[in-house]
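Have a look at upload_3.cif; it's mmCIF, C-alpha atoms:
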data_input
#
loop_
_atom_site.group_PDB
_atom_site.id
_atom_site.type_symbol
_atom_site.label_atom_id
_atom_site.label_comp_id
_atom_site.auth_asym_id
_atom_site.auth_seq_id
_atom_site.Cartn_x
_atom_site.Cartn_y
_atom_site.Cartn_z
ATOM 1 C CA MET A 2 -23.322 4.403 29.494
ATOM 2 C CA ASP A 3 -25.099 4.969 26.204
ATOM 3 C CA LEU A 4 -25.310 8.663 25.302
ATOM 4 C CA LYS A 5 -28.941 8.426 24.182
ATOM 5 C CA VAL A 6 -29.945 7.044 27.582
ATOM 6 C CA PHE A 7 -28.079 9.852 29.336
ATOM 7 C CA VAL A 8 -29.681 12.532 27.120
ATOM 8 C CA ALA A 9 -33.166 11.156 27.780
ATOM 9 C CA GLU A 10 -32.566 11.163 31.546
ATOM 10 C CA ALA A 11 -30.931 14.630 31.616
ATOM 11 C CA ARG A 12 -33.927 16.333 29.914
ATOM 12 C CA LEU A 13 -32.012 19.421 28.809
ATOM 13 C CA ALA A 14 -34.377 20.564 26.049
ATOM 14 C CA ASN A 15 -36.401 23.794 26.399
ATOM 15 C CA ARG A 16 -34.187 25.291 29.118
ATOM 16 C CA ASP A 17 -32.448 28.657 29.204
ATOM 17 C CA PRO A 18 -28.641 28.423 28.753
ATOM 18 C CA GLY A 19 -27.731 28.997 32.413
ATOM 19 C CA PRO A 20 -30.148 26.463 33.969
ATOM 20 C CA GLN A 21 -29.404 24.092 31.095
ATOM 21 C CA SER A 22 -25.657 24.090 31.768
ATOM 22 C CA ASN A 23 -26.230 23.774 35.525
ATOM 23 C CA ALA A 24 -28.609 20.843 35.019
ATOM 24 C CA LEU A 25 -26.085 19.099 32.781
ATOM 25 C CA ALA A 26 -23.256 19.571 35.290
ATOM 26 C CA LYS A 27 -25.446 18.338 38.153
ATOM 27 C CA ARG A 28 -26.486 15.243 36.212
ATOM 28 C CA LEU A 29 -22.879 14.529 35.216
ATOM 29 C CA ARG A 30 -21.651 14.739 38.808
ATOM 30 C CA ALA A 31 -23.827 11.709 39.578
ATOM 31 C CA GLU A 32 -21.600 9.651 37.262
ATOM 32 C CA ASN A 33 -18.094 8.386 37.891
ATOM 33 C CA PRO A 34 -15.142 10.152 36.191
ATOM 34 C CA GLU A 35 -14.653 7.453 33.556
ATOM 35 C CA THR A 36 -18.310 7.718 32.527
ATOM 36 C CA ILE A 37 -18.075 11.520 32.272
ATOM 37 C CA ILE A 38 -15.166 11.224 29.840
ATOM 38 C CA ASP A 39 -16.908 8.474 27.875
ATOM 39 C CA LEU A 40 -20.103 10.544 27.534
ATOM 40 C CA TYR A 41 -18.088 13.577 26.418
ATOM 41 C CA GLU A 42 -16.313 11.525 23.748
ATOM 42 C CA GLN A 43 -19.597 10.043 22.534
ATOM 43 C CA ALA A 44 -21.168 13.527 22.322
ATOM 44 C CA SER A 45 -18.099 14.953 20.567
ATOM 45 C CA GLN A 46 -18.037 12.176 17.996
ATOM 46 C CA ARG A 47 -21.722 12.588 17.207
ATOM 47 C CA ALA A 48 -21.393 16.396 17.061
ATOM 48 C CA SER A 49 -18.486 16.016 14.619
ATOM 49 C CA ALA A 50 -20.635 13.837 12.384
ATOM 50 C CA LEU A 51 -23.405 16.451 12.377
ATOM 51 C CA PHE A 52 -20.827 19.156 11.681
ATOM 52 C CA LYS A 53 -19.661 17.378 8.529
ATOM 53 C CA HIS A 54 -23.259 17.271 7.315
ATOM 54 C CA TRP A 55 -24.083 20.928 8.030
ATOM 55 C CA ALA A 56 -20.741 22.596 7.273
ATOM 56 C CA GLY A 57 -21.309 22.453 3.528
ATOM 57 C CA ARG A 58 -24.738 24.111 3.649
ATOM 58 C CA PRO A 59 -25.049 27.881 3.102
ATOM 59 C CA GLU A 60 -27.814 28.539 5.673
ATOM 60 C CA PRO A 61 -25.724 28.229 8.881
ATOM 61 C CA LYS A 62 -22.972 30.508 7.537
ATOM 62 C CA ALA A 63 -25.512 33.123 6.468
ATOM 63 C CA LEU A 64 -27.095 33.113 9.933
ATOM 64 C CA PHE A 65 -23.723 33.377 11.672
ATOM 65 C CA ASP A 66 -22.564 36.263 9.473
ATOM 66 C CA ALA A 67 -25.844 38.104 10.048
ATOM 67 C CA HIS A 68 -25.718 37.980 13.856
ATOM 68 C CA PHE A 69 -22.146 37.545 15.103
ATOM 69 C CA VAL A 70 -20.396 40.844 15.764
ATOM 70 C CA PRO A 71 -16.832 40.310 17.011
ATOM 71 C CA GLU A 72 -15.374 42.691 19.540
ATOM 72 C CA THR A 73 -12.795 45.042 18.034
ATOM 73 C CA GLY A 74 -9.927 47.035 19.438
ATOM 74 C CA ASN A 75 -7.174 46.289 21.919
ATOM 75 C CA PRO A 76 -8.787 45.273 25.244
ATOM 76 C CA GLN A 77 -6.431 47.631 27.083
ATOM 77 C CA GLU A 78 -6.938 50.474 24.634
ATOM 78 C CA PHE A 79 -8.402 53.657 26.095
ATOM 79 C CA ASP A 80 -12.034 54.126 25.077
ATOM 80 C CA PRO A 81 -13.049 57.825 25.153
ATOM 81 C CA THR A 82 -16.740 56.902 25.065
ATOM 82 C CA GLY A 83 -16.538 54.951 28.326
ATOM 83 C CA PRO A 84 -17.440 56.264 31.804
ATOM 84 C CA PRO A 85 -14.710 58.061 33.783
ATOM 85 C CA TYR A 86 -11.926 55.745 34.975
ATOM 86 C CA LEU A 87 -13.716 52.654 33.701
ATOM 87 C CA ASN A 88 -13.101 53.330 30.050
ATOM 88 C CA PHE A 89 -10.951 50.446 28.860
ATOM 89 C CA ARG A 90 -12.358 48.405 26.029
ATOM 90 C CA PRO A 91 -13.753 45.007 27.042
ATOM 91 C CA GLU A 92 -11.747 41.867 26.452
ATOM 92 C CA ARG A 93 -12.163 40.726 22.874
ATOM 93 C CA VAL A 94 -14.172 37.523 22.319
ATOM 94 C CA ASP A 95 -13.057 35.603 19.253
ATOM 95 C CA MET A 96 -15.248 32.820 17.860
ATOM 96 C CA SER A 97 -14.916 31.328 14.428
ATOM 97 C CA TYR A 98 -17.814 30.121 12.341
ATOM 98 C CA GLU A 99 -16.515 26.557 12.654
ATOM 99 C CA SER A 100 -16.405 26.754 16.459
ATOM 100 C CA TRP A 101 -19.922 28.191 16.572
ATOM 101 C CA LEU A 102 -21.354 25.536 14.254
ATOM 102 C CA LEU A 103 -19.665 22.735 16.195
ATOM 103 C CA GLY A 104 -21.164 24.201 19.368
ATOM 104 C CA TRP A 105 -24.595 24.158 17.712
ATOM 105 C CA CYS A 106 -24.126 20.499 16.779
ATOM 106 C CA PHE A 107 -23.024 19.678 20.325
ATOM 107 C CA HIS A 108 -26.165 21.392 21.632
ATOM 108 C CA GLN A 109 -28.450 19.396 19.316
ATOM 109 C CA VAL A 110 -26.900 16.136 20.476
ATOM 110 C CA LEU A 111 -27.347 16.930 24.167
ATOM 111 C CA VAL A 112 -30.964 18.081 23.879
ATOM 112 C CA GLY A 113 -31.906 14.979 21.900
ATOM 113 C CA ASN A 114 -32.512 16.756 18.581
ATOM 114 C CA ASP A 115 -30.358 14.332 16.615
ATOM 115 C CA PRO A 116 -30.493 14.379 13.701
ATOM 116 C CA PRO A 117 -32.000 17.883 13.463
ATOM 117 C CA PRO A 118 -34.576 18.260 10.650
ATOM 118 C CA ALA A 119 -33.120 20.249 7.767
ATOM 119 C CA ASP A 120 -36.245 22.318 7.115
ATOM 120 C CA PHE A 121 -36.538 23.454 10.747
ATOM 121 C CA HIS A 122 -33.167 25.138 11.342
ATOM 122 C CA PHE A 123 -31.312 28.244 10.127
ATOM 123 C CA VAL A 124 -34.301 29.360 8.046
ATOM 124 C CA ALA A 125 -37.509 31.282 8.671
ATOM 125 C CA HIS A 126 -40.066 28.954 10.223
ATOM 126 C CA PRO A 127 -43.495 29.860 11.660
ATOM 127 C CA GLU A 128 -42.888 27.802 14.815
ATOM 128 C CA ARG A 129 -39.239 28.631 15.474
ATOM 129 C CA PRO A 130 -37.276 31.850 14.782
ATOM 130 C CA ALA A 131 -33.889 31.237 13.171
ATOM 131 C CA ILE A 132 -32.192 33.362 15.850
ATOM 132 C CA PHE A 133 -32.716 30.423 18.239
ATOM 133 C CA ASP A 134 -30.123 28.493 16.246
ATOM 134 C CA PHE A 135 -27.619 31.306 16.641
ATOM 135 C CA PHE A 136 -28.016 31.311 20.425
ATOM 136 C CA GLU A 137 -27.820 27.514 20.548
ATOM 137 C CA GLY A 138 -24.450 27.662 18.811
ATOM 138 C CA MET A 139 -23.159 30.037 21.472
ATOM 139 C CA ALA A 140 -24.683 27.967 24.291
ATOM 140 C CA GLY A 141 -23.360 24.694 22.906
ATOM 141 C CA ASN A 142 -19.779 25.798 23.390
ATOM 142 C CA GLY A 143 -20.574 26.459 27.045
ATOM 143 C CA LEU A 144 -22.078 22.978 27.498
ATOM 144 C CA LYS A 145 -18.691 21.439 26.729
ATOM 145 C CA TYR A 146 -17.303 22.974 29.911
ATOM 146 C CA ALA A 147 -19.991 21.297 32.022
ATOM 147 C CA PHE A 148 -18.196 17.985 31.400
ATOM 148 C CA GLN A 149 -14.877 19.523 32.434
ATOM 149 C CA ASP A 150 -16.384 21.124 35.525
ATOM 150 C CA ALA A 151 -18.119 17.899 36.626
ATOM 151 C CA TYR A 152 -14.945 15.857 36.175
ATOM 152 C CA GLU A 153 -12.727 18.311 38.035
ATOM 153 C CA ARG A 154 -15.153 18.679 40.948
ATOM 154 C CA SER A 155 -15.407 14.893 41.243
ATOM 155 C CA THR A 156 -11.695 14.129 41.028
ATOM 156 C CA GLU A 157 -9.973 17.339 42.182
ATOM 157 C CA THR A 158 -7.676 16.915 39.181
ATOM 158 C CA PRO A 159 -7.542 18.836 35.877
ATOM 159 C CA TRP A 160 -9.617 17.728 32.890
ATOM 160 C CA PRO A 161 -7.349 15.278 31.024
ATOM 161 C CA LEU A 162 -8.554 15.848 27.445
ATOM 162 C CA ALA A 163 -7.276 19.405 26.942
ATOM 163 C CA PRO A 164 -3.980 20.928 28.096
ATOM 164 C CA ARG A 165 -4.235 23.673 30.715
ATOM 165 C CA GLU A 166 -1.826 25.702 28.570
ATOM 166 C CA ALA A 167 -4.731 26.265 26.159
ATOM 167 C CA ASP A 168 -6.958 27.925 28.765
ATOM 168 C CA ARG A 169 -7.843 31.463 27.718
ATOM 169 C CA LYS A 170 -7.227 32.933 31.124
ATOM 170 C CA PHE A 171 -6.188 31.757 34.561
ATOM 171 C CA ILE A 172 -7.113 34.849 36.575
ATOM 172 C CA SER A 173 -10.462 36.605 36.313
ATOM 173 C CA TYR A 174 -11.526 39.874 37.940
ATOM 174 C CA LEU A 175 -15.174 39.858 38.977
ATOM 175 C CA GLU A 176 -15.580 43.593 38.617
ATOM 176 C CA GLN A 177 -18.269 45.528 40.487
ATOM 177 C CA LEU A 178 -19.522 48.963 39.492
ATOM 178 C CA GLU A 179 -20.486 51.341 42.267
ATOM 179 C CA HIS A 180 -20.847 55.041 42.951
ATOM 180 C CA ALA A 181 -17.500 55.921 44.482
ATOM 181 C CA PRO A 182 -14.846 58.663 44.354
ATOM 182 C CA HIS A 183 -13.013 58.718 41.042
ATOM 183 C CA ILE A 184 -9.771 57.508 42.623
ATOM 184 C CA VAL A 185 -11.560 54.370 43.858
ATOM 185 C CA GLN A 186 -12.972 53.800 40.377
ATOM 186 C CA LEU A 187 -9.447 54.197 39.004
ATOM 187 C CA TYR A 188 -8.225 51.588 41.502
ATOM 188 C CA ARG A 189 -10.842 49.128 40.215
ATOM 189 C CA ALA A 190 -10.126 49.874 36.546
ATOM 190 C CA THR A 191 -6.414 49.401 37.178
ATOM 191 C CA ALA A 192 -7.096 46.003 38.760
ATOM 192 C CA ARG A 193 -8.737 44.993 35.473
ATOM 193 C CA GLU A 194 -5.680 46.210 33.567
ATOM 194 C CA VAL A 195 -3.300 44.255 35.825
ATOM 195 C CA GLU A 196 -5.462 41.135 35.420
ATOM 196 C CA MET A 197 -5.258 41.358 31.613
ATOM 197 C CA ASP A 198 -1.483 41.887 31.755
ATOM 198 C CA MET A 199 -1.065 38.780 33.917
ATOM 199 C CA ASN A 200 -3.168 36.624 31.592
ATOM 200 C CA SER A 201 -1.015 37.675 28.639
ATOM 201 C CA SER A 202 2.310 37.241 30.487
ATOM 202 C CA PRO A 203 4.319 34.033 29.763
ATOM 203 C CA GLU A 204 6.030 34.403 33.147
ATOM 204 C CA TRP A 205 2.758 34.503 35.075
ATOM 205 C CA ARG A 206 1.263 31.683 33.009
ATOM 206 C CA GLN A 207 4.246 29.423 33.731
ATOM 207 C CA TRP A 208 3.832 30.154 37.429
ATOM 208 C CA TRP A 209 0.141 29.248 37.235
ATOM 209 C CA LEU A 210 0.846 25.973 35.432
ATOM 210 C CA SER A 211 3.151 24.945 38.284
ATOM 211 C CA GLY A 212 0.126 24.702 40.592
ATOM 212 C CA PRO A 213 -2.943 22.442 40.743
ATOM 213 C CA LEU A 214 -5.727 24.947 39.994
ATOM 214 C CA ARG A 215 -7.860 25.787 36.969
ATOM 215 C CA LEU A 216 -8.908 29.393 37.673
ATOM 216 C CA LEU A 217 -8.496 32.197 40.198
ATOM 217 C CA GLU A 218 -11.483 34.552 40.395
ATOM 218 C CA PHE A 219 -11.140 37.644 42.529
ATOM 219 C CA SER A 220 -13.180 40.669 43.478
ATOM 220 C CA ILE A 221 -12.581 43.862 45.417
ATOM 221 C CA ALA A 222 -14.748 44.766 48.386
ATOM 222 C CA GLU A 223 -17.203 47.651 48.126
ATOM 223 C CA SER A 224 -15.787 51.035 49.080
ATOM 224 C CA ARG A 225 -18.308 51.374 51.913
ATOM 225 C CA SER A 226 -20.901 49.220 53.634
ATOM 226 C CA LEU A 227 -24.336 49.867 52.131
ATOM 227 C CA CYS A 228 -26.216 47.406 54.308
ATOM 228 C CA PRO A 229 -25.694 45.670 57.673
ATOM 229 C CA GLY A 230 -23.220 42.820 57.428
ATOM 230 C CA ALA A 231 -21.901 43.806 53.987
ATOM 231 C CA LEU A 232 -18.150 43.418 53.482
ATOM 232 C CA ALA A 233 -16.471 46.706 52.733
ATOM 233 C CA MET A 234 -12.990 48.168 52.317
ATOM 234 C CA HIS A 235 -10.987 48.827 55.458
ATOM 235 C CA THR A 236 -10.489 52.295 56.866
ATOM 236 C CA GLY A 237 -8.153 53.911 59.356
ATOM 237 C CA ASP A 238 -4.966 51.999 60.086
ATOM 238 C CA THR A 239 -6.285 48.557 59.100
ATOM 239 C CA PRO A 240 -4.026 47.110 56.380
ATOM 240 C CA THR A 241 -5.223 45.363 53.237
ATOM 241 C CA SER A 242 -6.461 41.831 53.847
ATOM 242 C CA THR A 243 -7.689 38.976 51.658
ATOM 243 C CA ARG A 244 -9.956 35.934 51.815
ATOM 244 C CA ILE A 245 -10.012 32.859 49.602
ATOM 245 C CA ARG A 246 -12.187 29.781 49.212
ATOM 246 C CA LYS A 247 -11.937 26.812 46.878
ATOM 247 C CA SER A 248 -14.653 25.065 44.861
ATOM 248 C CA GLY A 249 -13.433 22.286 42.621
ATOM 249 C CA LEU A 250 -10.316 23.624 40.925
ATOM 250 C CA THR A 251 -11.458 27.256 41.094
ATOM 251 C CA VAL A 252 -10.335 29.562 43.882
ATOM 252 C CA THR A 253 -12.434 32.649 44.589
ATOM 253 C CA GLY A 254 -10.727 35.486 46.422
ATOM 254 C CA THR A 255 -11.698 38.885 47.794
ATOM 255 C CA ILE A 256 -9.338 41.795 48.353
ATOM 256 C CA PHE A 257 -10.188 44.220 51.163
ATOM 257 C CA PRO A 258 -7.991 47.275 50.478
ATOM 258 C CA ASN A 259 -7.764 50.277 52.763
ATOM 259 C CA ARG A 260 -10.100 52.940 51.368
ATOM 260 C CA ASP A 261 -8.342 55.806 53.135
ATOM 261 C CA ARG A 262 -5.021 54.747 51.648
ATOM 262 C CA ILE A 263 -6.564 54.687 48.152
ATOM 263 C CA LEU A 264 -7.999 58.194 48.619
ATOM 264 C CA GLU A 265 -4.590 59.491 49.727
ATOM 265 C CA THR A 266 -2.716 57.959 46.768
ATOM 266 C CA GLU A 267 -1.761 60.027 43.730
ATOM 267 C CA GLU A 268 -3.185 58.800 40.428
ATOM 268 C CA ARG A 269 0.287 58.055 39.064
ATOM 269 C CA ASP A 270 0.896 55.662 41.984
ATOM 270 C CA ILE A 271 -2.403 53.749 41.836
ATOM 271 C CA ARG A 272 -1.016 50.870 39.758
ATOM 272 C CA GLN A 273 1.721 50.245 42.307
ATOM 273 C CA LEU A 274 -0.874 50.184 45.093
ATOM 274 C CA VAL A 275 -3.059 47.738 43.151
ATOM 275 C CA ALA A 276 -0.039 45.502 42.489
ATOM 276 C CA GLU A 277 0.842 45.448 46.182
ATOM 277 C CA ASP A 278 -2.711 44.543 47.209
ATOM 278 C CA MET A 279 -3.052 41.855 44.529
ATOM 279 C CA THR A 280 0.275 40.374 45.605
ATOM 280 C CA LEU A 281 -1.183 39.677 49.054
ATOM 281 C CA LEU A 282 -3.930 37.578 47.455
ATOM 282 C CA LEU A 283 -1.602 35.833 45.017
ATOM 283 C CA ARG A 284 0.931 35.012 47.745
ATOM 284 C CA LYS A 285 -1.807 33.425 49.865
ATOM 285 C CA VAL A 286 -2.881 31.249 46.893
ATOM 286 C CA HIS A 287 0.768 30.461 46.117
ATOM 287 C CA GLN A 288 1.494 29.247 49.641
ATOM 288 C CA LYS A 289 -1.765 27.419 50.328
ATOM 289 C CA TYR A 290 -1.804 25.404 47.102
ATOM 290 C CA ARG A 291 1.949 24.750 46.890
ATOM 291 C CA PHE A 292 2.929 26.192 43.538
ATOM 292 C CA THR A 293 6.400 24.989 42.568
ATOM 293 C CA ARG A 294 7.573 28.020 40.584
ATOM 294 C CA GLU A 295 8.523 31.237 42.310
ATOM 295 C CA LEU A 296 5.780 33.846 42.450
ATOM 296 C CA PRO A 297 6.517 36.602 39.894
ATOM 297 C CA GLU A 298 6.415 40.251 40.869
ATOM 298 C CA ALA A 299 3.149 42.050 40.159
ATOM 299 C CA LYS A 300 3.762 45.388 38.454
#
As structure tokens - that is how I would like this structure written.
Amino acid sequence: MDLKVFVAEARLANRDPGPQSNALAKRLRAENPETIIDLYEQASQRASALFKHWAGRPEPKALFDAHFVPETGNPQEFDPTGPPYLNFRPERVDMSYESWLLGWCFHQVLVGNDPPPADFHFVAHPERPAIFDFFEGMAGNGLKYAFQDAYERSTETPWPLAPREADRKFISYLEQLEHAPHIVQLYRATAREVEMDMNSSPEWRQWWLSGPLRLLEFSIAESRSLCPGALAMHTGDTPTSTRIRKSGLTVTGTIFPNRDRILETEERDIRQLVAEDMTLLLRKVHQKYRFTRELPEAK
């Protein structure tokens, strides 16, 4: 399929980043896997050609330097300015100028602005603020993953053009913030710390690569039910339980710890409790999806 025909049919221009990426993924899922890969390679080749043209100009670099502020500090470093028990620095996001500019070129190709007019981008213009170009560079990197997502949902196999070893993370904690006793907040913050340790562990990464999945997203139930039917932590003698569901190559899990047990646990023992509860979820994923390496011990 010719890329220009696909771009015209997808109509991705003038959309916010979220709906834009969703529309691209939906349109791609209507194609067969071979066409998805072919379209990605066509878009990548054209974006690379645009990159060579724009990389030598000073305007894109000036815009990037003016607006990109990289995160600093160790993501597990204690941040005294943070709220109680949730005061670890956020995970650092690293993006080079070259990656951002290539993302911008990829975005221009997919919205049909190819070639982009030189006097309309990265400079002050009465019809278009230059900051739009900065956001398009960030969004363009996300559009690349729409091809991967569409392929993996269609085939139930990993994207073949990039090794899974290069994935930034394989486990992601979907953290919720709620008004709860400080020990419950500490439990949640510790889950974030354990997640970061696993993503940086060679042992855990090798275990993950022995299975068929792309990502494990997990959350922890609310400490109490705030509305009818809401899923909350257990109480009384009910032990920790977990639920998982699969969409494409992503598994989403929920941990339902025992709130009373958390409240009775000393702060020094919270990490051990979190590790035990997370192990229940990880063991369920390990068994259901037939990982070939032995499950490491969560600590």
Step by step: start from the point (-1.7, 36.6, 44.8) in the file's coordinates, keep every protein, DNA or RNA residue that has an atom no farther than 12 Å from it, count all atoms listed in the file, and write the set as a PyMOL selection string.
chain A and resi 172+195-196+199+205+208-209+217-219+242-245+252-256+275-290+292+295-299
Quick one: of A:Ile38, A:Leu178, A:Val112, A:Val8, who's nearest to Pro161 in chain A, counting all atoms listed in the file?
A:Ile38
Given the PyMOL selection byres ((chain A and resi 165) around 12) and the file above, list the residues it selects as number ranges by chain.
A: 149, 158-164, 166-171, 206-207, 209-216, 250
Determine, counting all atoms listed in the file, which protein, DNA and RNA residues have an atom within 12 Å of an atom of Glu265 in chain A; residues of the same chain fewer than 6 positions away are not included. Present the result as a ChimeraX atom specification.
/A:182,184-185,188,236-237,259,271,274
Work out how far CA of Ser220 in chain A is from CA of Arg193 in chain A, in Å to one decimal.
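CA of Ser220 in chain A lies 10.1 Å from CA of Arg193 in chain A.
Closest approach to Glu204 in chain A among A:Arg294, A:Lys5, A:Glu176, A:Thr266: A:Arg294, based on all atoms listed in the file.
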Contacts of Arg28 in chain A at 8 Å or less, counting only C-alpha atoms, minus same-chain residues fewer than 4 places along, as a PyMOL selection string?
chain A and resi 11+24+32
Between CA of Gly143 in chain A and CA of Pro130 in chain A - distance in Å to one decimal:
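Separation between CA of Pro130 in chain A and CA of Gly143 in chain A: 21.4 Å.
Put simply, CA of Ser45 in chain A is 26.5 Å away from CA of Ser248 in chain A.
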Evaluate the PyMOL selection byres ((chain A and resi 135) around 10) against this structure - the residues, as a PyMOL selection string, please.
chain A and resi 61+64-65+67-69+101-102+104-105+122-123+130-134+136-140
Reference answer for the PyMOL selection byres ((chain A and resi 3) around 10), as a PyMOL selection string
chain A and resi 2+4-8+36+39-40+43
Nearest to Thr156 in chain A by atom-to-atom distance, counting only C-alpha atoms, from A:Pro20, A:Pro34, A:Pro127, A:Gly141
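Smallest distance to Thr156 in chain A is found for A:Pro34.
Considering the residues A:Arg154, A:Arg12, A:His235, A:His183 and counting only C-alpha atoms, Asn33 in chain A has its shortest atom-to-atom contact with A:Arg154.
Each of A:Cys106, A:Leu187, A:Ala151, A:Ala9 was checked against Gly249 in chain A using only C-alpha atoms; the smallest atom-to-atom distance is that of A:Ala151.
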Identify which of the residues A:Glu35, A:Asp115, A:Asp120, A:Asp66 lies closest to Glu99 in chain A, counting all atoms listed in the file when measuring atom-to-atom distances.
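Counting all atoms listed in the file, the residue closest to Glu99 in chain A is A:Asp66.
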